[in-house]
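Student: Contents of protein.cif (mmCIF, C-alpha atoms):
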data_model
#
loop_
_atom_site.label_atom_id
_atom_site.label_comp_id
_atom_site.auth_asym_id
_atom_site.auth_seq_id
_atom_site.Cartn_x
_atom_site.Cartn_y
_atom_site.Cartn_z
CA MET U 128 -2.23 81.62 21.84
CA ARG U 129 -3.93 85.00 22.00
CA HIS U 130 -5.50 84.01 25.33
CA VAL U 131 -2.14 83.07 26.77
CA MET U 132 -0.61 86.34 25.63
CA ARG U 133 -3.48 88.29 27.18
CA ILE U 134 -3.14 86.50 30.54
CA LEU U 135 0.63 87.03 30.53
CA ALA U 136 0.13 90.73 29.81
CA ILE U 137 -2.32 91.06 32.72
CA VAL U 138 0.04 89.24 35.10
CA PHE U 139 2.94 91.41 33.96
CA ALA U 140 0.90 94.59 34.47
CA ALA U 141 -0.13 93.41 37.95
CA LEU U 142 3.51 92.75 38.86
CA VAL U 143 4.60 96.18 37.63
CA LEU U 144 1.81 97.87 39.59
CA ALA U 145 2.62 95.87 42.76
CA ALA U 146 6.29 96.86 42.44
CA LEU U 147 5.36 100.53 41.99
CA GLN U 148 3.00 100.40 44.96
CA SER U 149 5.47 98.71 47.30
CA THR U 150 8.27 101.14 46.46
CA THR U 151 6.23 104.36 46.73
CA PRO U 152 7.86 106.44 49.47
CA PRO U 153 5.30 106.91 52.25
CA TYR U 154 3.92 110.37 52.97
CA ALA U 155 5.41 110.23 56.46
CA MET U 156 8.87 109.74 54.96
CA LEU U 157 8.46 112.46 52.31
CA THR U 158 7.45 114.97 54.97
CA GLY U 159 9.88 113.68 57.61
CA PRO U 160 12.59 115.57 59.46
CA ILE U 161 15.64 117.18 57.81
CA ARG U 162 18.44 115.35 59.58
CA THR U 163 21.90 116.58 60.54
CA ALA U 164 24.19 114.18 62.39
CA GLY U 165 27.51 114.55 64.14
CA HIS U 166 29.75 113.37 66.94
CA GLN U 167 30.01 114.42 70.57
CA SER U 168 33.27 116.28 70.03
CA ASP U 169 31.73 118.54 67.37
CA THR U 170 29.22 121.34 67.41
CA VAL U 171 26.54 119.95 65.14
CA ALA U 172 24.78 122.67 63.20
CA SER U 173 21.81 122.56 60.86
CA ALA U 174 20.36 125.54 59.01
CA THR U 175 18.28 126.65 61.98
CA LEU U 176 19.99 125.40 65.15
CA SER U 177 23.22 124.04 66.57
CA LEU U 178 23.92 121.65 69.41
CA ALA U 179 27.11 121.06 71.38
CA ILE U 180 27.50 118.61 74.25
CA GLU U 181 29.40 119.99 77.24
CA ASP U 182 29.10 117.21 79.81
CA ILE U 183 27.29 113.96 80.53
CA SER U 184 26.68 112.44 83.94
CA ASN U 185 24.70 109.45 85.13
CA ALA U 186 23.23 108.68 88.53
CA ARG U 187 20.85 106.35 90.39
CA THR U 188 19.02 109.20 92.07
CA ILE U 189 18.64 112.85 91.19
CA GLU U 190 17.81 115.56 93.67
CA TYR U 191 16.78 119.16 93.30
CA GLU U 192 14.68 121.75 95.00
CA HIS U 193 11.50 122.80 93.22
CA PHE U 194 9.69 125.86 94.62
CA GLY U 195 11.11 125.16 98.07
CA LYS U 196 10.20 121.48 97.95
CA ALA U 197 13.00 118.92 98.00
CA MET U 198 12.55 116.45 95.15
CA LYS U 199 14.29 113.10 95.15
CA LEU U 200 13.67 110.97 92.08
CA GLU U 201 14.64 107.33 91.97
CA THR U 202 14.60 105.00 89.00
CA SER U 203 14.79 101.31 88.20
CA GLY U 204 17.43 102.18 85.58
CA VAL U 205 19.75 105.19 85.53
CA TRP U 206 19.32 108.90 85.08
CA VAL U 207 21.43 110.43 82.32
CA VAL U 208 21.90 114.19 82.58
CA ILE U 209 23.34 115.94 79.52
CA ASP U 210 24.70 119.49 79.68
CA ALA U 211 24.27 121.04 76.28
CA ARG U 212 24.71 124.34 74.51
CA LEU U 213 22.05 125.22 71.95
CA GLN U 214 21.86 128.07 69.53
CA ALA U 215 19.11 129.18 67.15
CA PHE U 216 20.19 130.94 63.96
CA ARG U 217 17.09 132.41 62.36
CA GLN U 218 14.23 132.81 64.76
CA THR U 219 13.07 132.39 68.33
CA MET U 220 12.36 128.72 68.94
CA PRO U 221 11.67 126.43 71.87
CA ILE U 222 13.34 123.01 71.97
CA ARG U 223 10.59 120.74 73.20
CA ALA U 224 11.87 117.45 71.82
CA ALA U 225 14.93 115.62 73.07
CA THR U 226 15.26 111.87 72.67
CA LEU U 227 18.04 109.50 73.63
CA VAL U 228 18.30 106.51 71.30
CA GLY U 229 19.69 103.67 73.39
CA ALA U 230 21.91 100.70 72.52
CA SER U 231 18.88 98.60 71.53
CA GLY U 232 17.60 101.33 69.21
CA ARG U 233 14.68 102.20 71.49
CA CYS U 234 13.83 105.90 71.83
CA TYR U 235 13.74 107.43 75.31
CA ARG U 236 12.15 110.85 75.45
CA GLN U 237 13.39 113.31 78.06
CA SER U 238 11.78 112.52 81.38
CA GLU U 239 8.62 114.40 82.29
CA ARG U 240 9.16 113.24 85.87
CA ALA U 241 12.12 115.62 86.13
CA ALA U 242 10.42 118.43 84.18
CA GLY U 243 10.78 120.82 87.12
CA ALA U 244 14.54 120.40 87.44
CA PRO U 245 16.62 123.59 87.47
CA ASP U 246 18.22 124.80 84.24
CA SER U 247 16.13 122.38 82.17
CA LEU U 248 16.35 123.17 78.46
CA ALA U 249 12.80 121.90 77.98
CA ALA U 250 11.59 125.00 79.82
CA LYS U 251 13.75 127.46 77.87
CA THR U 252 13.30 129.27 74.59
CA LEU U 253 16.18 129.95 72.24
CA GLN U 254 16.68 133.48 70.93
CA PRO U 255 18.68 133.77 67.70
CA GLY U 256 22.29 134.69 68.27
CA LEU U 257 22.20 133.99 71.99
CA PRO U 258 23.74 130.59 72.88
CA THR U 259 21.73 128.93 75.62
CA THR U 260 23.04 126.28 78.01
CA GLY U 261 21.07 123.90 80.15
CA ILE U 262 20.38 120.23 80.81
CA PHE U 263 18.38 117.40 79.30
CA ILE U 264 17.36 114.63 81.73
CA PHE U 265 16.67 111.07 80.63
CA GLU U 266 15.68 107.90 82.43
CA LEU U 267 16.61 104.60 80.81
CA PRO U 268 17.72 101.03 81.61
CA GLU U 269 21.41 100.79 82.38
CA ASP U 270 22.26 98.43 79.49
CA GLU U 271 20.96 101.05 77.03
CA THR U 272 23.70 103.51 78.04
CA THR U 273 26.55 101.70 76.29
CA ASP U 274 25.69 103.31 72.96
CA MET U 275 23.58 106.46 72.89
CA THR U 276 22.57 109.10 70.36
CA LEU U 277 20.94 112.38 71.38
CA VAL U 278 18.28 113.65 68.95
CA VAL U 279 16.97 117.19 69.35
CA SER U 280 14.31 119.11 67.46
CA GLU U 281 11.80 121.91 68.01
CA GLN U 282 9.00 119.43 68.66
CA TYR U 283 8.48 115.66 68.58
CA ASP U 284 7.94 114.04 65.17
CA PRO U 285 9.16 117.06 63.19
CA GLN U 286 7.86 117.40 59.65
CA LEU U 287 10.14 119.18 57.16
CA GLN U 288 11.93 120.73 60.13
CA ASP U 289 15.47 120.35 61.38
CA GLU U 290 16.46 117.44 63.59
CA VAL U 291 19.98 117.42 64.99
CA SER U 292 21.53 114.23 66.32
CA VAL U 293 24.79 113.67 68.17
CA LYS U 294 26.43 110.31 68.68
CA LEU U 295 27.65 110.16 72.27
CA ASP U 296 30.86 108.56 73.49
CA PRO U 297 30.29 105.48 75.68
CA LEU U 298 29.94 106.38 79.36
CA VAL U 299 33.04 105.32 81.24
CA ALA U 300 32.06 106.23 84.79
CA ALA U 301 29.69 104.01 86.78
CA PRO U 302 26.55 105.87 87.83
CA GLN U 303 26.87 107.97 90.98
CA ASP U 304 24.50 107.17 93.82
CA GLN U 305 23.03 110.61 93.75
CA LEU U 306 23.33 113.77 91.73
CA ASP U 307 22.31 117.14 93.13
CA LEU U 308 20.95 119.45 90.44
CA GLY U 309 20.54 122.42 92.75
CA LEU U 310 17.77 124.90 93.25
CA ASN U 311 14.90 125.83 91.01
CA GLY U 312 12.04 128.26 91.13
CA ASP U 313 13.54 130.86 93.44
CA MET Q 263 -36.77 80.81 17.24
CA THR Q 264 -33.58 80.70 15.18
CA GLU Q 265 -30.31 79.22 16.39
CA PRO Q 266 -28.59 82.56 17.26
CA ASP Q 267 -31.67 83.66 19.24
CA LYS Q 268 -31.57 80.42 21.28
CA ALA Q 269 -27.89 80.90 22.05
CA LYS Q 270 -28.57 84.50 23.11
CA ALA Q 271 -31.41 83.42 25.43
CA SER Q 272 -29.36 80.68 27.11
CA GLY Q 273 -26.44 83.12 27.53
CA LYS Q 274 -28.80 85.57 29.25
CA TRP Q 275 -30.00 82.88 31.66
CA ARG Q 276 -26.45 81.84 32.40
CA THR Q 277 -25.52 85.44 33.26
CA ARG Q 278 -28.51 85.76 35.58
CA PHE Q 279 -27.73 82.41 37.23
CA LEU Q 280 -24.10 83.39 37.85
CA ALA Q 281 -25.15 86.79 39.21
CA ALA Q 282 -27.61 85.11 41.60
CA VAL Q 283 -25.01 82.59 42.80
CA GLY Q 284 -22.47 85.37 43.30
CA GLY Q 285 -24.93 87.53 45.22
CA ILE Q 286 -26.06 84.70 47.50
CA THR Q 287 -22.45 83.65 48.16
CA ALA Q 288 -21.52 87.23 49.10
CA ALA Q 289 -24.52 87.50 51.44
CA LEU Q 290 -23.67 84.18 53.12
CA LEU Q 291 -19.99 85.13 53.55
CA SER Q 292 -20.92 88.47 55.05
CA LEU Q 293 -23.43 86.80 57.41
CA GLY Q 294 -20.87 84.18 58.46
CA TYR Q 295 -18.24 86.86 59.05
CA SER Q 296 -20.51 88.99 61.24
CA VAL Q 297 -21.68 85.91 63.21
CA SER Q 298 -18.08 84.80 63.85
CA LYS Q 299 -17.13 88.38 64.81
CA GLN Q 300 -20.07 88.51 67.23
CA ASN Q 301 -18.89 85.27 68.85
CA ALA Q 302 -15.32 86.52 69.05
CA THR Q 303 -16.24 89.72 70.92
CA ASP Q 304 -18.28 87.73 73.44
CA THR Q 305 -15.36 85.53 74.41
CA VAL Q 306 -12.88 87.83 76.11
CA PRO Q 307 -10.46 85.56 78.00
CA LYS Q 308 -10.84 85.77 81.77
CA VAL Q 309 -7.52 86.29 83.47
CA GLY Q 310 -6.56 86.04 87.13
CA VAL Q 311 -5.34 88.84 89.36
CA SER Q 312 -1.59 89.57 89.03
CA THR Q 313 -1.34 87.67 85.74
CA LEU Q 314 0.70 89.20 82.94
CA ILE Q 315 -1.55 90.38 80.10
CA ASP Q 316 -0.14 91.12 76.66
CA ALA Q 317 -2.03 94.15 75.33
CA GLY Q 318 0.18 94.77 72.30
CA ARG Q 319 2.06 97.92 73.21
CA TRP Q 320 1.71 97.22 76.95
CA ASN Q 321 2.40 94.37 79.32
CA VAL Q 322 0.05 94.84 82.23
CA SER Q 323 -0.70 92.92 85.45
CA ILE Q 324 -3.76 94.11 87.36
CA LEU Q 325 -2.96 93.87 91.06
CA LYS Q 326 -5.70 95.22 93.32
CA ALA Q 327 -8.56 97.67 93.61
CA SER Q 328 -9.74 99.87 96.44
CA SER Q 329 -12.17 102.71 96.92
CA GLY Q 330 -11.88 105.59 99.33
CA PRO Q 331 -11.49 109.31 99.72
CA ASP Q 332 -7.73 109.45 98.99
CA LEU Q 333 -5.85 109.78 95.71
CA PRO Q 334 -2.50 108.01 95.19
CA THR Q 335 -0.84 111.42 95.56
CA GLY Q 336 -1.85 111.46 99.24
CA LEU Q 337 -4.33 114.27 98.64
CA SER Q 338 -8.09 113.83 99.05
CA VAL Q 339 -10.57 113.90 96.20
CA SER Q 340 -13.00 116.83 95.96
CA PRO Q 341 -15.84 116.82 98.52
CA GLY Q 342 -18.77 114.67 97.41
CA LEU Q 343 -16.55 112.33 95.40
CA LYS Q 344 -14.69 109.12 96.08
CA ALA Q 345 -11.89 107.46 94.19
CA ILE Q 346 -11.77 103.96 92.73
CA VAL Q 347 -8.09 103.05 92.57
CA VAL Q 348 -6.93 100.11 90.44
CA GLU Q 349 -3.26 99.33 90.94
CA MET Q 350 -1.28 97.61 88.22
CA LEU Q 351 2.19 96.91 86.96
CA LEU Q 352 2.60 98.50 83.56
CA GLU Q 353 5.42 98.07 81.05
CA ASN Q 354 5.85 99.78 77.71
CA ILE Q 355 7.19 97.16 75.30
CA SER Q 356 7.15 99.36 72.21
CA SER Q 357 10.25 101.07 70.86
CA GLU Q 358 9.54 104.57 72.20
CA SER Q 359 8.32 106.47 75.23
CA SER Q 360 4.56 106.74 75.30
CA ASN Q 361 1.69 108.17 77.32
CA LEU Q 362 -1.06 106.63 75.19
CA TYR Q 363 -2.36 104.29 77.89
CA GLY Q 364 -5.67 106.17 78.35
CA ASP Q 365 -7.79 103.45 76.75
CA LEU Q 366 -5.92 100.51 78.27
CA VAL Q 367 -8.35 99.58 81.07
CA MET Q 368 -12.07 100.16 81.55
CA LEU Q 369 -14.65 98.97 84.07
CA SER Q 370 -17.28 96.90 82.28
CA ASN Q 371 -19.75 96.41 85.16
CA PHE Q 372 -19.91 100.05 86.00
CA PRO Q 373 -22.04 102.81 84.48
CA ASP Q 374 -19.29 105.44 84.48
CA THR Q 375 -17.43 105.39 81.16
CA GLN Q 376 -14.99 108.27 81.61
CA LYS Q 377 -11.29 107.59 81.16
CA PRO Q 378 -9.28 107.15 84.37
CA HIS Q 379 -6.42 109.37 85.49
CA TYR Q 380 -3.10 107.57 85.92
CA TYR Q 381 -0.65 108.04 88.76
CA LEU Q 382 2.93 106.86 89.17
CA LEU Q 383 3.15 105.24 92.62
CA ARG Q 384 6.94 105.67 92.82
CA ASP Q 385 6.60 109.47 92.78
CA ARG Q 386 3.02 109.68 94.09
CA SER Q 387 2.31 112.02 91.20
CA ILE Q 388 0.62 112.07 87.82
CA LEU Q 389 1.99 109.58 85.31
CA TRP Q 390 3.41 111.01 82.09
CA ASP Q 391 5.45 108.99 79.64
CA LEU Q 392 6.29 105.38 80.33
CA GLN Q 393 9.78 104.58 79.11
CA PRO Q 394 10.33 101.35 77.15
CA ARG Q 395 11.51 98.32 79.15
CA MET Q 396 10.97 100.12 82.48
CA PRO Q 397 7.94 98.57 84.24
CA GLU Q 398 6.34 100.81 86.85
CA ALA Q 399 3.66 100.35 89.51
CA VAL Q 400 0.87 102.69 88.51
CA ALA Q 401 -2.71 103.35 89.58
CA ALA Q 402 -5.71 104.13 87.39
CA VAL Q 403 -8.19 106.31 89.27
CA TRP Q 404 -11.86 106.95 88.54
CA GLU Q 405 -13.56 109.67 90.59
CA VAL Q 406 -17.23 108.91 91.23
CA PRO Q 407 -19.98 110.40 93.45
CA ALA Q 408 -19.42 109.44 97.10
CA ASP Q 409 -22.92 108.00 97.56
CA LEU Q 410 -22.70 105.73 94.50
CA GLU Q 411 -23.21 102.04 95.32
CA LEU Q 412 -20.15 100.12 94.09
CA PRO Q 413 -20.14 96.44 93.06
CA PRO Q 414 -18.11 94.16 95.39
CA VAL Q 415 -16.13 92.83 92.43
CA LEU Q 416 -14.93 95.09 89.62
CA GLU Q 417 -14.80 93.67 86.11
CA VAL Q 418 -11.73 95.26 84.55
CA ARG Q 419 -11.38 94.99 80.78
CA VAL Q 420 -7.98 95.39 79.19
CA GLN Q 421 -8.03 96.69 75.64
CA GLY Q 422 -5.27 95.79 73.26
CA VAL Q 423 -3.58 97.77 70.54
CA GLN Q 424 -1.93 96.37 67.45
CA PHE Q 425 1.11 97.59 65.56
CA LYS Q 426 0.77 98.44 61.89
CA PRO Q 427 4.02 99.16 60.02
CA ARG Q 428 2.07 101.28 57.52
CA ASP Q 429 -1.27 102.86 58.37
CA ASN Q 430 -3.89 103.44 55.69
CA LEU Q 431 -3.67 107.24 55.59
CA TYR Q 432 -0.01 108.29 55.84
CA ALA Q 433 1.73 104.90 55.46
CA ALA Q 434 3.37 105.68 58.79
CA PRO Q 435 3.94 103.09 61.53
CA GLY Q 436 1.51 103.25 64.44
CA TRP Q 437 -0.55 101.49 67.08
CA PHE Q 438 -4.26 100.90 66.52
CA PRO Q 439 -7.12 99.58 68.70
CA HIS Q 440 -7.45 95.81 68.61
CA GLY Q 441 -10.43 95.10 70.89
CA ASP Q 442 -10.59 93.62 74.38
CA VAL Q 443 -7.80 91.17 75.18
CA ALA Q 444 -8.61 90.18 78.78
CA GLN Q 445 -11.06 90.59 81.60
CA VAL Q 446 -10.03 90.52 85.26
CA SER Q 447 -12.45 90.09 88.20
CA LEU Q 448 -11.01 92.25 90.93
CA PRO Q 449 -12.39 92.31 94.51
CA LEU Q 450 -12.94 95.91 95.59
CA SER Q 451 -11.80 96.76 99.11
CA ALA Q 452 -12.54 99.95 100.98
CA SER Q 453 -9.51 101.95 102.04
CA GLU Q 454 -9.55 104.09 105.17
CA PRO Q 455 -8.78 107.81 104.91
CA GLY Q 456 -5.06 108.43 105.14
CA ASN Q 457 -4.16 104.86 104.15
CA ALA Q 458 -3.97 105.39 100.42
CA ARG Q 459 -0.55 104.99 98.91
#
Go ahead and render the structure in this file as structure tokens.

Tutor:
Amino acid sequence: MRHVMRILAIVFAALVLAALQSTTPPYAMLTGPIRTAGHQSDTVASATLSLAIEDISNARTIEYEHFGKAMKLETSGVWVVIDARLQAFRQTMPIRAATLVGASGRCYRQSERAAGAPDSLAAKTLQPGLPTTGIFIFELPEDETTDMTLVVSEQYDPQLQDEVSVKLDPLVAAPQDQLDLGLNGD
Amino acid sequence: MTEPDKAKASGKWRTRFLAAVGGITAALLSLGYSVSKQNATDTVPKVGVSTLIDAGRWNVSILKASSGPDLPTGLSVSPGLKAIVVEMLLENISSESSNLYGDLVMLSNFPDTQKPHYYLLRDRSILWDLQPRMPEAVAAVWEVPADLELPPVLEVRVQGVQFKPRDNLYAAPGWFPHGDVAQVSLPLSASEPGNAR
């Protein structure tokens, strides 16, 4: 009888420990981003920055001029160009990270292919108190554009830093054949 | 010898016997494991040209190889060098944009072990992130001395990565090396100057 009790106690202890281990919040989650979410019609503000969407367009091809060179970028999906207004509240900060979460839940980072496009927010730095407008450019498969969320933070994979996300309205317009983004670098 | 002494002695022998059995079993298991691992690394599946290879995070089809003085951008390599260009179709099948394809392919019958540079053929420029579910034609380029004798057939090894929902350090999800998943024998053609894509 004593043996049985001892074995039961060991099994019980093992179960308790396994439960504790499997429910321990991972380090990556404990030090994850501080999230603020909102809708496209709102200005979504966290403690350090705010984000407002001004316009969204989609196109098969984007064109712009980069240091006198005409750039024409094609894609197998669509380009989504988001005009946004950003503001920093406390300190000077760049916004390096912008991700579009598509309908399937996959994360599409802003396109490095179009990094030289004019007015790109990726190349700007926010100064506190000075609202800054510009564009984010994404490339993604067309079926992902039915349900999109824009996620913005100072850098990718923020740890204990603000991350602002905006749920976008479904795109109603079919993508234009081409979208001219204008001049850059002059 | 009294009865308790006898019992003590036989208990001692039993302990030693069990320890010996345990030790030998552990040694045999370890030997068997390393032998089976050795066999496993020697048998990388050989895959044909243009066949889809599942490398974990990437779906890749190796298409063709050429060597010449031109880079996929249309520019020439530095004087005294030539470029080995391996074209492939590459798709990111993970859930987020990624540029971690540096270790994806290597040349196994070639002394140079540096990582290749990748180019996006659509833009004729350097490849950055690959977006999920958007396959692209890309080229991996090794720059080697111009007078180096190249083998007529390149052996291209594709290295896989494996997804772990929780890694050992931060319990964060991530992709980790998983060894070679395929080997492709790729005839190497010489490209004329100005003909590179």

Student: Just how far from CA of Ser340 (chain Q) is CA of Val400 (chain Q), in Å to one decimal?

Tutor: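 CA of Val400 (chain Q) sits 21.2 Å away from CA of Ser340 (chain Q).
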
Student: Just so the selection is clear, what residues does the PyMOL selection byres ((chain U and resi 292-303) around 8) cover here, as a list in words?

Tutor: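 When the PyMOL selection byres ((chain U and resi 292-303) around 8) is applied, the selected residues are Arg162, Thr163, Ala164, Gly165, His166, Gln167, Val171, Ser184, Asn185, Ala186, Arg187, Val205, Thr272, Thr273, Asp274, Met275, Thr276, Leu277, Val278, Val279, Glu290, Val291, Asp304, Gln305 and Leu306 of chain U.
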
Student: On this structure, which residues satisfy the PyMOL selection byres ((chain Q and resi 409) around 10), written as number ranges by chain?

Tutor: Q: 342-344, 406-408, 410-412

Student: On this file, the PyMOL selection byres ((chain Q) within 6 of (chain U)) gives some set of residues; write that set as number ranges by chain.

Tutor: Q: 357-359, 432-434

Student: Find the residues around Arg223 (chain U) up to 8 Å (only C-alpha atoms counted), leave out those fewer than 2 positions away in its own chain, and share them as a VMD selection string.

Tutor: chain U and resid 221 225 249 to 250 280 to 283

Student: Do you have the CA of Glu405 (chain Q)-CA of Ile346 (chain Q) distance handy?

Tutor: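 Spanning CA of Glu405 (chain Q) to CA of Ile346 (chain Q) is a straight-line distance of 6.4 Å.
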